[in-house]
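Visitor: Just one file: input-v7.cif, with mmCIF, C-alpha atoms.
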```
data_my_file
loop_
_atom_site.label_atom_id
_atom_site.label_comp_id
_atom_site.auth_asym_id
_atom_site.auth_seq_id
_atom_site.Cartn_x
_atom_site.Cartn_y
_atom_site.Cartn_z
CA MET A 1412 14.70 -181.89 -63.77
CA THR A 1413 16.68 -179.93 -61.32
CA THR A 1414 20.41 -179.33 -61.37
CA THR A 1415 22.52 -178.83 -58.37
CA GLY A 1416 25.14 -176.10 -58.70
CA VAL A 1417 28.62 -176.60 -57.41
CA GLU A 1418 29.11 -174.57 -54.28
CA ALA A 1419 32.11 -172.27 -54.10
CA PRO A 1420 34.69 -173.27 -51.54
CA THR A 1421 34.18 -171.64 -48.19
CA ALA A 1422 36.77 -169.00 -47.34
CA PHE A 1423 39.00 -169.66 -44.39
CA PRO A 1424 38.08 -167.87 -41.16
CA ARG A 1425 39.97 -164.65 -40.49
CA PRO A 1426 42.10 -166.09 -37.62
CA LEU A 1427 43.28 -168.93 -39.87
CA ARG A 1428 44.13 -166.49 -42.65
CA ALA A 1429 46.11 -164.40 -40.19
CA VAL A 1430 47.99 -167.47 -38.98
CA GLY A 1431 48.69 -168.47 -42.57
CA ARG A 1432 50.05 -165.05 -43.44
CA ALA A 1433 52.20 -165.04 -40.30
CA ALA A 1434 53.58 -168.51 -41.12
CA GLN A 1435 54.30 -167.44 -44.69
CA ALA A 1436 56.09 -164.29 -43.52
CA LEU A 1437 58.09 -166.27 -40.96
CA GLY A 1438 59.09 -168.82 -43.59
CA ALA A 1439 60.21 -166.07 -45.96
CA ALA A 1440 62.20 -164.39 -43.18
CA LEU A 1441 63.94 -167.60 -42.18
CA THR A 1442 64.74 -168.35 -45.83
CA THR A 1443 66.28 -164.91 -46.25
CA VAL A 1444 68.42 -165.24 -43.12
CA LEU A 1445 69.51 -168.74 -44.17
CA GLY A 1446 70.44 -167.39 -47.59
CA VAL A 1447 72.56 -164.64 -46.07
CA ALA A 1448 74.22 -167.12 -43.70
CA THR A 1449 75.00 -169.43 -46.62
CA VAL A 1450 76.52 -166.61 -48.65
CA VAL A 1451 78.65 -165.55 -45.68
CA PHE A 1452 79.79 -169.14 -45.07
CA PHE A 1453 80.94 -169.73 -48.64
CA ALA A 1454 82.39 -166.23 -49.03
CA PHE A 1455 84.87 -166.85 -46.23
CA ARG A 1456 85.85 -170.27 -47.59
CA LEU A 1457 85.80 -169.98 -51.37
CA LEU A 1458 87.52 -166.63 -51.82
CA PRO A 1459 91.14 -166.85 -52.97
CA GLY A 1460 93.70 -167.28 -50.21
CA ASP A 1461 94.06 -169.33 -47.06
CA PRO A 1462 91.66 -168.19 -44.28
CA ALA A 1463 94.19 -169.31 -41.67
CA ALA A 1464 96.90 -167.19 -43.28
CA LEU A 1465 94.44 -164.29 -43.45
CA VAL A 1466 93.78 -164.54 -39.72
CA LEU A 1467 97.33 -165.21 -38.51
CA GLY A 1468 99.24 -163.20 -41.10
CA GLU A 1469 101.98 -164.23 -43.47
CA GLU A 1470 104.59 -164.52 -40.72
CA ALA A 1471 102.82 -167.39 -38.91
CA GLY A 1472 104.34 -170.85 -39.22
CA GLU A 1473 102.67 -173.81 -40.87
CA ALA A 1474 102.07 -175.50 -37.49
CA GLU A 1475 100.12 -172.46 -36.26
CA ARG A 1476 98.07 -172.35 -39.45
CA ALA A 1477 97.31 -176.06 -39.22
CA ALA A 1478 96.15 -175.65 -35.62
CA LEU A 1479 93.83 -172.79 -36.58
CA ARG A 1480 92.45 -174.73 -39.55
CA HIS A 1481 91.64 -177.58 -37.18
CA ALA A 1482 90.04 -175.20 -34.65
CA LEU A 1483 87.86 -173.68 -37.38
CA HIS A 1484 87.23 -177.11 -38.96
CA LEU A 1485 88.76 -175.87 -42.20
CA ASP A 1486 90.58 -179.19 -42.60
CA GLU A 1487 87.23 -180.94 -43.20
CA SER A 1488 85.41 -181.25 -46.51
CA LEU A 1489 83.34 -178.24 -47.57
CA GLY A 1490 80.08 -180.16 -47.33
CA ARG A 1491 80.83 -181.34 -43.80
CA GLN A 1492 81.81 -177.80 -42.80
CA TYR A 1493 78.50 -176.49 -44.10
CA LEU A 1494 76.47 -179.13 -42.26
CA ARG A 1495 78.38 -178.35 -39.07
CA PHE A 1496 77.76 -174.64 -39.65
CA LEU A 1497 74.00 -175.21 -40.05
CA GLY A 1498 73.90 -177.40 -36.97
CA GLU A 1499 75.59 -174.71 -34.88
CA LEU A 1500 73.14 -172.11 -36.19
CA LEU A 1501 70.18 -174.29 -35.19
CA HIS A 1502 71.63 -174.48 -31.68
CA GLY A 1503 72.26 -170.72 -31.55
CA ARG A 1504 76.03 -170.95 -31.88
CA ALA A 1505 78.44 -169.45 -34.37
CA GLY A 1506 81.79 -170.77 -33.15
CA ALA A 1507 84.23 -169.52 -30.55
CA SER A 1508 85.68 -166.05 -31.00
CA LEU A 1509 89.38 -166.00 -31.90
CA ARG A 1510 89.92 -162.74 -30.04
CA HIS A 1511 87.92 -163.61 -26.92
CA ALA A 1512 88.87 -167.17 -26.05
CA GLY A 1513 86.03 -169.32 -24.76
CA LEU A 1514 83.22 -166.94 -25.82
CA ASP A 1515 80.80 -167.88 -28.57
CA ALA A 1516 80.50 -165.29 -31.32
CA PHE A 1517 76.74 -164.96 -30.88
CA ARG A 1518 77.25 -164.15 -27.22
CA LEU A 1519 79.40 -161.17 -28.18
CA VAL A 1520 76.73 -160.13 -30.69
CA GLY A 1521 74.07 -160.49 -28.00
CA ASP A 1522 76.05 -158.21 -25.69
CA ALA A 1523 76.36 -155.53 -28.39
CA LEU A 1524 72.82 -155.85 -29.77
CA PRO A 1525 70.85 -153.97 -27.06
CA SER A 1526 72.85 -150.78 -27.62
CA THR A 1527 72.19 -150.82 -31.37
CA ALA A 1528 68.51 -151.70 -30.92
CA LEU A 1529 68.03 -148.91 -28.38
CA LEU A 1530 69.74 -146.39 -30.66
CA ALA A 1531 67.54 -147.36 -33.61
CA THR A 1532 64.36 -147.32 -31.50
CA VAL A 1533 65.02 -143.86 -30.08
CA ALA A 1534 65.93 -142.61 -33.56
CA VAL A 1535 62.61 -143.88 -34.94
CA ALA A 1536 60.69 -142.07 -32.19
CA LEU A 1537 62.63 -138.83 -32.63
CA GLY A 1538 62.43 -138.92 -36.43
CA ALA A 1539 58.69 -139.58 -36.47
CA VAL A 1540 57.85 -136.91 -33.87
CA CYS A 1541 60.13 -134.23 -35.34
CA GLY A 1542 58.91 -134.95 -38.87
CA LEU A 1543 55.27 -134.69 -37.80
CA VAL A 1544 55.82 -131.47 -35.85
CA ALA A 1545 57.68 -129.89 -38.78
CA ALA A 1546 54.93 -130.92 -41.20
CA LEU A 1547 52.20 -129.53 -38.96
CA LEU A 1548 54.04 -126.22 -38.64
CA ALA A 1549 54.78 -126.10 -42.38
CA VAL A 1550 51.08 -126.50 -43.22
CA GLY A 1551 49.20 -125.10 -40.24
CA GLY A 1552 51.71 -122.57 -38.93
CA ARG A 1553 51.67 -118.87 -39.62
CA GLY A 1554 54.17 -116.39 -40.96
CA ALA A 1555 57.85 -117.02 -40.45
CA LEU A 1556 57.20 -120.21 -38.47
CA ARG A 1557 55.66 -121.87 -41.50
CA SER A 1558 58.54 -120.82 -43.73
CA VAL A 1559 61.17 -122.02 -41.24
CA ALA A 1560 59.49 -125.43 -40.83
CA ASP A 1561 59.13 -125.82 -44.58
CA ARG A 1562 62.79 -125.03 -45.16
CA ALA A 1563 63.88 -127.29 -42.29
CA ILE A 1564 62.23 -130.30 -43.96
CA GLY A 1565 64.03 -129.59 -47.21
CA LEU A 1566 67.35 -129.01 -45.45
CA ALA A 1567 67.09 -132.26 -43.46
CA ALA A 1568 66.38 -134.18 -46.66
CA SER A 1569 69.61 -132.88 -48.22
CA VAL A 1570 71.92 -133.60 -45.26
CA PRO A 1571 74.60 -136.23 -46.02
CA LEU A 1572 74.52 -138.00 -42.65
CA LEU A 1573 77.93 -139.69 -42.80
CA ALA A 1574 79.60 -136.35 -43.52
CA PHE A 1575 77.39 -134.32 -41.19
CA ALA A 1576 77.63 -136.60 -38.13
CA PRO A 1577 81.41 -136.25 -37.55
CA ALA A 1578 81.26 -132.50 -38.18
CA ALA A 1579 78.33 -132.02 -35.80
CA THR A 1580 80.03 -134.18 -33.16
CA TRP A 1581 83.24 -132.17 -33.34
CA LEU A 1582 81.39 -128.85 -33.27
CA LEU A 1583 78.88 -129.61 -30.50
CA ALA A 1584 80.78 -132.14 -28.37
CA VAL A 1585 84.43 -131.15 -28.80
CA ARG A 1586 84.50 -127.47 -29.72
CA PHE A 1587 81.62 -126.06 -27.64
CA ARG A 1588 81.02 -129.01 -25.26
CA LEU A 1589 77.25 -128.63 -25.49
CA VAL A 1590 76.68 -132.40 -25.58
CA PRO A 1591 78.77 -135.34 -24.37
CA LEU A 1592 80.73 -137.48 -26.78
CA PRO A 1593 78.58 -140.46 -27.85
CA ALA A 1594 81.58 -142.76 -27.36
CA ASP A 1595 81.95 -141.70 -23.71
CA PRO A 1596 80.74 -144.57 -21.45
CA ASP A 1597 79.48 -141.94 -18.98
CA ALA A 1598 77.49 -140.04 -21.63
CA GLY A 1599 74.29 -141.79 -20.56
CA ALA A 1600 70.94 -140.60 -21.92
CA ALA A 1601 72.39 -137.37 -23.30
CA GLY A 1602 74.87 -139.25 -25.48
CA LEU A 1603 72.14 -141.60 -26.65
CA LEU A 1604 69.81 -138.74 -27.56
CA PHE A 1605 72.54 -136.93 -29.46
CA ALA A 1606 73.50 -140.01 -31.50
CA ALA A 1607 69.82 -140.89 -32.08
CA GLY A 1608 69.09 -137.31 -33.10
CA LEU A 1609 71.76 -137.50 -35.80
CA LEU A 1610 70.42 -140.84 -37.01
CA ALA A 1611 66.83 -139.52 -36.99
CA ILE A 1612 67.54 -136.71 -39.48
CA PRO A 1613 66.88 -138.75 -42.69
CA LEU A 1614 63.78 -140.39 -41.20
CA GLY A 1615 62.46 -137.06 -39.94
CA ALA A 1616 62.92 -135.57 -43.40
CA ALA A 1617 61.07 -138.45 -45.06
CA VAL A 1618 58.21 -138.33 -42.53
CA GLY A 1619 58.05 -134.54 -42.80
CA ARG A 1620 57.77 -134.55 -46.58
CA ILE A 1621 55.06 -137.22 -46.72
CA ALA A 1622 53.12 -135.75 -43.79
CA ARG A 1623 53.35 -132.25 -45.28
CA ALA A 1624 51.93 -133.45 -48.62
CA SER A 1625 49.17 -135.43 -46.90
CA LEU A 1626 48.22 -132.52 -44.62
CA ARG A 1627 48.08 -130.09 -47.55
CA GLU A 1628 45.73 -132.46 -49.34
CA ALA A 1629 43.60 -132.87 -46.21
CA ALA A 1630 43.49 -129.10 -45.74
CA GLN A 1631 41.13 -128.89 -48.72
CA ALA A 1632 38.70 -131.40 -47.22
CA GLN A 1633 35.26 -130.19 -46.19
CA PHE A 1634 35.32 -131.87 -42.77
CA LEU A 1635 38.03 -129.45 -41.62
CA GLN A 1636 35.80 -126.52 -42.52
CA VAL A 1637 32.97 -128.16 -40.58
CA ALA A 1638 35.27 -128.58 -37.56
CA ARG A 1639 36.22 -124.91 -37.69
CA ALA A 1640 32.57 -123.91 -38.04
CA LYS A 1641 31.85 -125.83 -34.82
CA GLY A 1642 34.34 -123.61 -33.00
CA ARG A 1643 37.27 -125.99 -32.83
CA SER A 1644 40.66 -124.34 -32.35
CA GLU A 1645 43.29 -124.59 -35.11
CA VAL A 1646 45.39 -126.92 -32.95
CA ALA A 1647 42.44 -129.27 -32.51
CA VAL A 1648 41.55 -129.08 -36.20
CA TRP A 1649 45.01 -130.22 -37.25
CA LEU A 1650 45.77 -132.68 -34.47
CA VAL A 1651 42.35 -134.26 -33.94
CA HIS A 1652 40.83 -134.12 -37.42
CA ALA A 1653 43.56 -133.74 -40.08
CA LEU A 1654 46.45 -135.78 -38.63
CA PRO A 1655 44.60 -139.13 -38.25
CA VAL A 1656 43.79 -139.03 -41.97
CA CYS A 1657 47.53 -138.93 -42.73
CA VAL A 1658 48.58 -141.78 -40.44
CA GLY A 1659 48.55 -144.38 -43.24
CA PRO A 1660 51.18 -142.74 -45.50
CA ILE A 1661 53.30 -141.82 -42.47
CA VAL A 1662 53.36 -145.38 -41.14
CA THR A 1663 54.21 -146.61 -44.63
CA VAL A 1664 57.25 -144.33 -44.74
CA VAL A 1665 58.41 -145.34 -41.27
CA ALA A 1666 57.97 -149.01 -42.16
CA ALA A 1667 60.00 -148.63 -45.34
CA GLN A 1668 62.77 -146.80 -43.47
CA LEU A 1669 63.15 -149.25 -40.56
CA GLY A 1670 65.66 -151.52 -42.28
CA ALA A 1671 67.71 -148.64 -43.61
CA LEU A 1672 67.64 -147.01 -40.20
CA LEU A 1673 69.04 -150.14 -38.59
CA GLY A 1674 71.84 -150.24 -41.14
CA GLY A 1675 72.49 -146.56 -40.52
CA ALA A 1676 72.69 -147.21 -36.78
CA ILE A 1677 75.43 -149.81 -37.32
CA VAL A 1678 77.42 -147.45 -39.54
CA LEU A 1679 76.91 -144.45 -37.26
CA GLU A 1680 78.12 -146.42 -34.24
CA ARG A 1681 81.40 -147.00 -36.02
CA VAL A 1682 81.70 -143.36 -37.06
CA LEU A 1683 81.00 -142.09 -33.53
CA GLU A 1684 82.89 -144.95 -31.80
CA ARG A 1685 79.74 -145.84 -29.88
CA ARG A 1686 79.61 -149.39 -28.57
CA GLY A 1687 77.28 -151.66 -30.51
CA LEU A 1688 77.17 -153.94 -33.53
CA GLY A 1689 79.01 -151.38 -35.63
CA THR A 1690 82.08 -151.24 -33.40
CA LEU A 1691 81.96 -155.02 -32.85
CA LEU A 1692 82.01 -155.56 -36.61
CA ALA A 1693 84.90 -153.13 -37.08
CA GLU A 1694 86.93 -154.69 -34.27
CA ALA A 1695 86.31 -158.21 -35.59
CA LEU A 1696 87.37 -157.11 -39.06
CA ALA A 1697 90.56 -155.52 -37.73
CA ALA A 1698 91.38 -158.62 -35.64
CA ARG A 1699 90.37 -161.00 -38.47
CA ASP A 1700 87.98 -162.74 -36.08
CA LEU A 1701 86.08 -164.81 -38.65
CA PRO A 1702 83.46 -166.37 -36.31
CA VAL A 1703 82.49 -162.95 -34.94
CA LEU A 1704 82.39 -161.49 -38.46
CA GLN A 1705 80.04 -164.28 -39.54
CA ALA A 1706 77.84 -163.91 -36.47
CA THR A 1707 77.61 -160.12 -36.81
CA VAL A 1708 76.62 -160.24 -40.47
CA ILE A 1709 74.03 -162.96 -39.84
CA ALA A 1710 72.59 -161.14 -36.81
CA SER A 1711 72.43 -157.88 -38.78
CA ALA A 1712 70.55 -159.64 -41.58
CA ALA A 1713 68.13 -161.14 -39.06
CA LEU A 1714 67.52 -157.72 -37.51
CA PHE A 1715 66.98 -156.18 -40.93
CA VAL A 1716 64.43 -158.85 -41.83
CA ALA A 1717 62.70 -158.44 -38.45
CA ALA A 1718 62.54 -154.66 -38.92
CA GLN A 1719 61.01 -155.09 -42.36
CA GLY A 1720 58.49 -157.55 -40.92
CA VAL A 1721 57.48 -155.12 -38.18
CA GLY A 1722 57.15 -152.37 -40.76
CA ALA A 1723 54.96 -154.53 -43.00
CA TRP A 1724 52.76 -155.44 -40.02
CA LEU A 1725 52.36 -151.78 -39.06
CA HIS A 1726 51.50 -150.92 -42.64
CA SER A 1727 48.85 -153.64 -42.89
CA ALA A 1728 47.44 -152.74 -39.47
CA VAL A 1729 46.83 -149.14 -40.58
CA ASP A 1730 46.05 -149.62 -44.27
CA PRO A 1731 43.62 -152.50 -45.07
CA ARG A 1732 44.71 -152.38 -48.73
CA ALA A 1733 48.11 -153.78 -47.76
CA ARG A 1734 46.62 -156.91 -46.13
#
```
Once you've parsed the file, please lay out its structure as structure tokens.

Guide:
Amino acid sequence: MTTTGVEAPTAFPRPLRAVGRAAQALGAALTTVLGVATVVFFAFRLLPGDPAALVLGEEAGEAERAALRHALHLDESLGRQYLRFLGELLHGRAGASLRHAGLDAFRLVGDALPSTALLATVAVALGAVCGLVAALLAVGGRGALRSVADRAIGLAASVPLLAFAPAATWLLAVRFRLVPLPADPDAGAAGLLFAAGLLAIPLGAAVGRIARASLREAAQAQFLQVARAKGRSEVAVWLVHALPVCVGPIVTVVAAQLGALLGGAIVLERVLERRGLGTLLAEALAARDLPVLQATVIASAALFVAAQGVGAWLHSAVDPRAR
């Protein structure tokens, strides 16, 4: 008598697994953004006080407040307001700005977004490159150069950016006029590089520390000795043979820092008065422009989630253990 064993279920093909992971990540991202949007919606409506009085001030008459409540649909039930809010989000709208009549809040966010995204992107590139160069010099350099690079990594890690950025701006842009003011519309690429360089300091320090530790560990590996025995120069040994081994930890650090870097870009824009999401948020807060405040917070959350998603993808692309 023969028995037939139960066959194990066949694993899904790799493309289907990739699609499934992407759909799961997208669903989690959308859920997170929806959660932030919901918190923002109820925060503006359930906190003590009249939102219309908050926007118009205590000196506004009741007729003006009633008109604003109607314009913001605050005279409707809370459930109907929330359904209207979700419907506008699905159509890519966040309500008309109170400060810029006739303009949707998301349009203002869209106008400010490229500046913030460009600042964060350049900062990532500068931080990664500077951190790698410093780590290579700290491990593979000679004499004073090695000591200077090693100390530079430690110094960058201890810099309080929000205190250092205004001081560096005053010293370099105002006192000695070596760089243009980042808030100057005519600053161009120089102003962007200066602001991005300030923002890149924490990322460069993090990349430098991880890369330095990884390179020191790789320096003991036998394959580097084999490369030297074959006549490879020291530059080739470190760049061609040692550095690729350290890419995984470095990408992991960059991926983990992407969200924080985006948040830092928004804060730094406000500190340096550079146009972007940071200044838009500050201006909306000062003008009590509730639709723009909502749109800016929601867009910032979406960018943060997108940055974390990109970082996770980079991590999994480099390190198979993270898949």

Visitor: Quick check on the file I pasted: which residues fall under the PyMOL selection byres ((chain A and resi 1554-1564) around 8)? Write them as a PyMOL selection string.

Guide: chain A and resi 1542+1545-1546+1548-1553+1565-1568+1615-1616+1619-1620

Visitor: I need the residue set behind the PyMOL selection byres ((chain A and resi 1701) around 10) for this file; please write it as a list of chain:residue names.

Guide: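 Going through the file, the PyMOL selection byres ((chain A and resi 1701) around 10) ends up selecting A:Phe1452, A:Phe1455, A:Pro1462, A:Ala1463, A:Leu1465, A:Val1466, A:Leu1483, A:Ala1505, A:Gly1506, A:Ala1507, A:Ser1508, A:Leu1509, A:Arg1510, A:Ala1516, A:Ala1695, A:Leu1696, A:Ala1698, A:Arg1699, A:Asp1700, A:Pro1702, A:Val1703, A:Leu1704, A:Gln1705, A:Ala1706, A:Thr1707.
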
Visitor: For the atom pair atom CA of A:Phe1517 and atom CA of A:Ala1531, what is the interatomic distance in Å to one decimal place?

Guide: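 Interatomic distance here is 20.0 Å.
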
Visitor: What separation in Å, quoted to one decimal, exists between atom CA of A:Val1665 and atom CA of A:Thr1527?

Guide: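 Rounded to one decimal, the two atoms are 17.8 Å apart.
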
Visitor: Calculated over only C-alpha atoms, which of the candidates A:Leu1609, A:Ala1717, A:Leu1543, A:Leu1635 has the smallest distance to A:Arg1623?

Guide: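 Closest candidate: A:Leu1543.
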
Visitor: Using all atoms listed in the file for the distances, tell me which of A:Val1682, A:Leu1589, A:Leu1669, A:Ala1676 is nearest to A:Val1721.

Guide: A:Leu1669

Visitor: Could you jot down the atom CA of A:Val1618 to atom CA of A:Val1664 separation for me, Å, one decimal place?

Guide: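 Taking atom CA of A:Val1618 as the start and atom CA of A:Val1664 as the end point, the length is 6.5 Å.
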
Visitor: Name the residues that the PyMOL selection byres ((chain A and resi 1610) around 10) pulls out of this structure, and write them as a list in words.

Guide: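 This file, filtered by the PyMOL selection byres ((chain A and resi 1610) around 10), leaves Leu1530, Ala1531, Val1533, Ala1534, Val1535, Leu1537, Gly1538, Leu1572, Leu1573, Ala1576, Leu1604, Phe1605, Ala1606, Ala1607, Gly1608, Leu1609, Ala1611, Ile1612, Pro1613, Leu1614, Gly1615, Leu1672, Leu1673, Gly1675, Ala1676, Val1678, Leu1679 and Glu1680 of chain A.
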
Visitor: Out of A:Phe1496, A:Phe1715, A:Phe1587, A:Phe1634, which residue has the shortest atom-to-atom distance to A:Gln1668 when counting all atoms listed in the file?

Guide: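 Distance minimum relative to A:Gln1668 lands on A:Phe1715.
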
Visitor: Tell me which of A:Ala1693, A:Ala1434, A:Ala1666, A:Cys1657 sits closest to A:Leu1547, counting all atoms listed in the file.

Guide: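 Looking at the shortest contact to A:Leu1547, the residue is A:Cys1657.
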
Visitor: Between A:Ala1523, A:His1511, A:Leu1626, A:Leu1501, which has the minimum distance to A:Val1544 (counting only C-alpha atoms)?

Guide: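 Smallest distance to A:Val1544 is found for A:Leu1626.
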
Visitor: Would you mind completing stretch 1497-1523 of chain A to N, CA and C atoms and writing the output as a CSV table (one decimal), in the frame of the given file?

Guide:
```csv
chain,number,residue,atom,x,y,z
A,1497,LEU,N,75.5,-175.3,-40.2
A,1497,LEU,CA,74.0,-175.2,-40.0
A,1497,LEU,C,73.6,-175.8,-38.7
A,1498,GLY,N,74.2,-176.8,-38.3
A,1498,GLY,CA,73.9,-177.4,-37.0
A,1498,GLY,C,74.2,-176.4,-35.8
A,1499,GLU,N,75.3,-175.7,-35.9
A,1499,GLU,CA,75.6,-174.7,-34.9
A,1499,GLU,C,74.6,-173.6,-34.9
A,1500,LEU,N,74.1,-173.2,-36.1
A,1500,LEU,CA,73.1,-172.1,-36.2
A,1500,LEU,C,71.8,-172.6,-35.5
A,1501,LEU,N,71.4,-173.8,-35.8
A,1501,LEU,CA,70.2,-174.3,-35.2
A,1501,LEU,C,70.3,-174.3,-33.7
A,1502,HIS,N,71.5,-174.5,-33.1
A,1502,HIS,CA,71.6,-174.5,-31.7
A,1502,HIS,C,72.0,-173.1,-31.1
A,1503,GLY,N,72.0,-172.1,-32.0
A,1503,GLY,CA,72.3,-170.7,-31.6
A,1503,GLY,C,73.7,-170.5,-31.3
A,1504,ARG,N,74.6,-171.2,-32.0
A,1504,ARG,CA,76.0,-171.0,-31.9
A,1504,ARG,C,76.6,-170.6,-33.2
A,1505,ALA,N,77.8,-169.8,-33.2
A,1505,ALA,CA,78.4,-169.4,-34.4
A,1505,ALA,C,79.9,-169.7,-34.3
A,1506,GLY,N,80.4,-170.5,-33.3
A,1506,GLY,CA,81.8,-170.8,-33.2
A,1506,GLY,C,82.4,-169.8,-32.1
A,1507,ALA,N,83.5,-170.3,-31.6
A,1507,ALA,CA,84.2,-169.5,-30.6
A,1507,ALA,C,85.0,-168.4,-31.2
A,1508,SER,N,85.0,-167.2,-30.5
A,1508,SER,CA,85.7,-166.0,-31.0
A,1508,SER,C,87.2,-166.3,-30.9
A,1509,LEU,N,87.9,-165.8,-31.9
A,1509,LEU,CA,89.4,-166.0,-31.9
A,1509,LEU,C,90.0,-164.9,-31.0
A,1510,ARG,N,89.4,-163.8,-30.8
A,1510,ARG,CA,89.9,-162.7,-30.0
A,1510,ARG,C,89.5,-162.9,-28.6
A,1511,HIS,N,88.4,-163.4,-28.3
A,1511,HIS,CA,87.9,-163.6,-26.9
A,1511,HIS,C,87.8,-165.1,-26.7
A,1512,ALA,N,88.8,-165.7,-26.2
A,1512,ALA,CA,88.9,-167.2,-26.0
A,1512,ALA,C,87.7,-167.7,-25.1
A,1513,GLY,N,87.1,-168.7,-25.6
A,1513,GLY,CA,86.0,-169.3,-24.8
A,1513,GLY,C,84.7,-168.7,-24.9
A,1514,LEU,N,84.5,-167.6,-25.6
A,1514,LEU,CA,83.2,-166.9,-25.8
A,1514,LEU,C,82.7,-167.2,-27.2
A,1515,ASP,N,81.4,-167.7,-27.3
A,1515,ASP,CA,80.8,-167.9,-28.6
A,1515,ASP,C,80.5,-166.5,-29.2
A,1516,ALA,N,80.6,-166.5,-30.6
A,1516,ALA,CA,80.5,-165.3,-31.3
A,1516,ALA,C,79.1,-164.7,-31.1
A,1517,PHE,N,78.1,-165.5,-31.1
A,1517,PHE,CA,76.7,-165.0,-30.9
A,1517,PHE,C,76.6,-164.3,-29.5
A,1518,ARG,N,77.3,-164.8,-28.5
A,1518,ARG,CA,77.2,-164.2,-27.2
A,1518,ARG,C,77.8,-162.7,-27.3
A,1519,LEU,N,78.9,-162.5,-28.0
A,1519,LEU,CA,79.4,-161.2,-28.2
A,1519,LEU,C,78.4,-160.3,-28.9
A,1520,VAL,N,77.8,-160.9,-29.9
A,1520,VAL,CA,76.7,-160.1,-30.7
A,1520,VAL,C,75.6,-159.8,-29.8
A,1521,GLY,N,75.2,-160.7,-28.9
A,1521,GLY,CA,74.1,-160.5,-28.0
A,1521,GLY,C,74.4,-159.4,-27.0
A,1522,ASP,N,75.7,-159.3,-26.6
A,1522,ASP,CA,76.0,-158.2,-25.7
A,1522,ASP,C,76.0,-156.8,-26.4
A,1523,ALA,N,76.3,-156.8,-27.7
A,1523,ALA,CA,76.4,-155.5,-28.4
A,1523,ALA,C,75.0,-155.1,-28.9
```
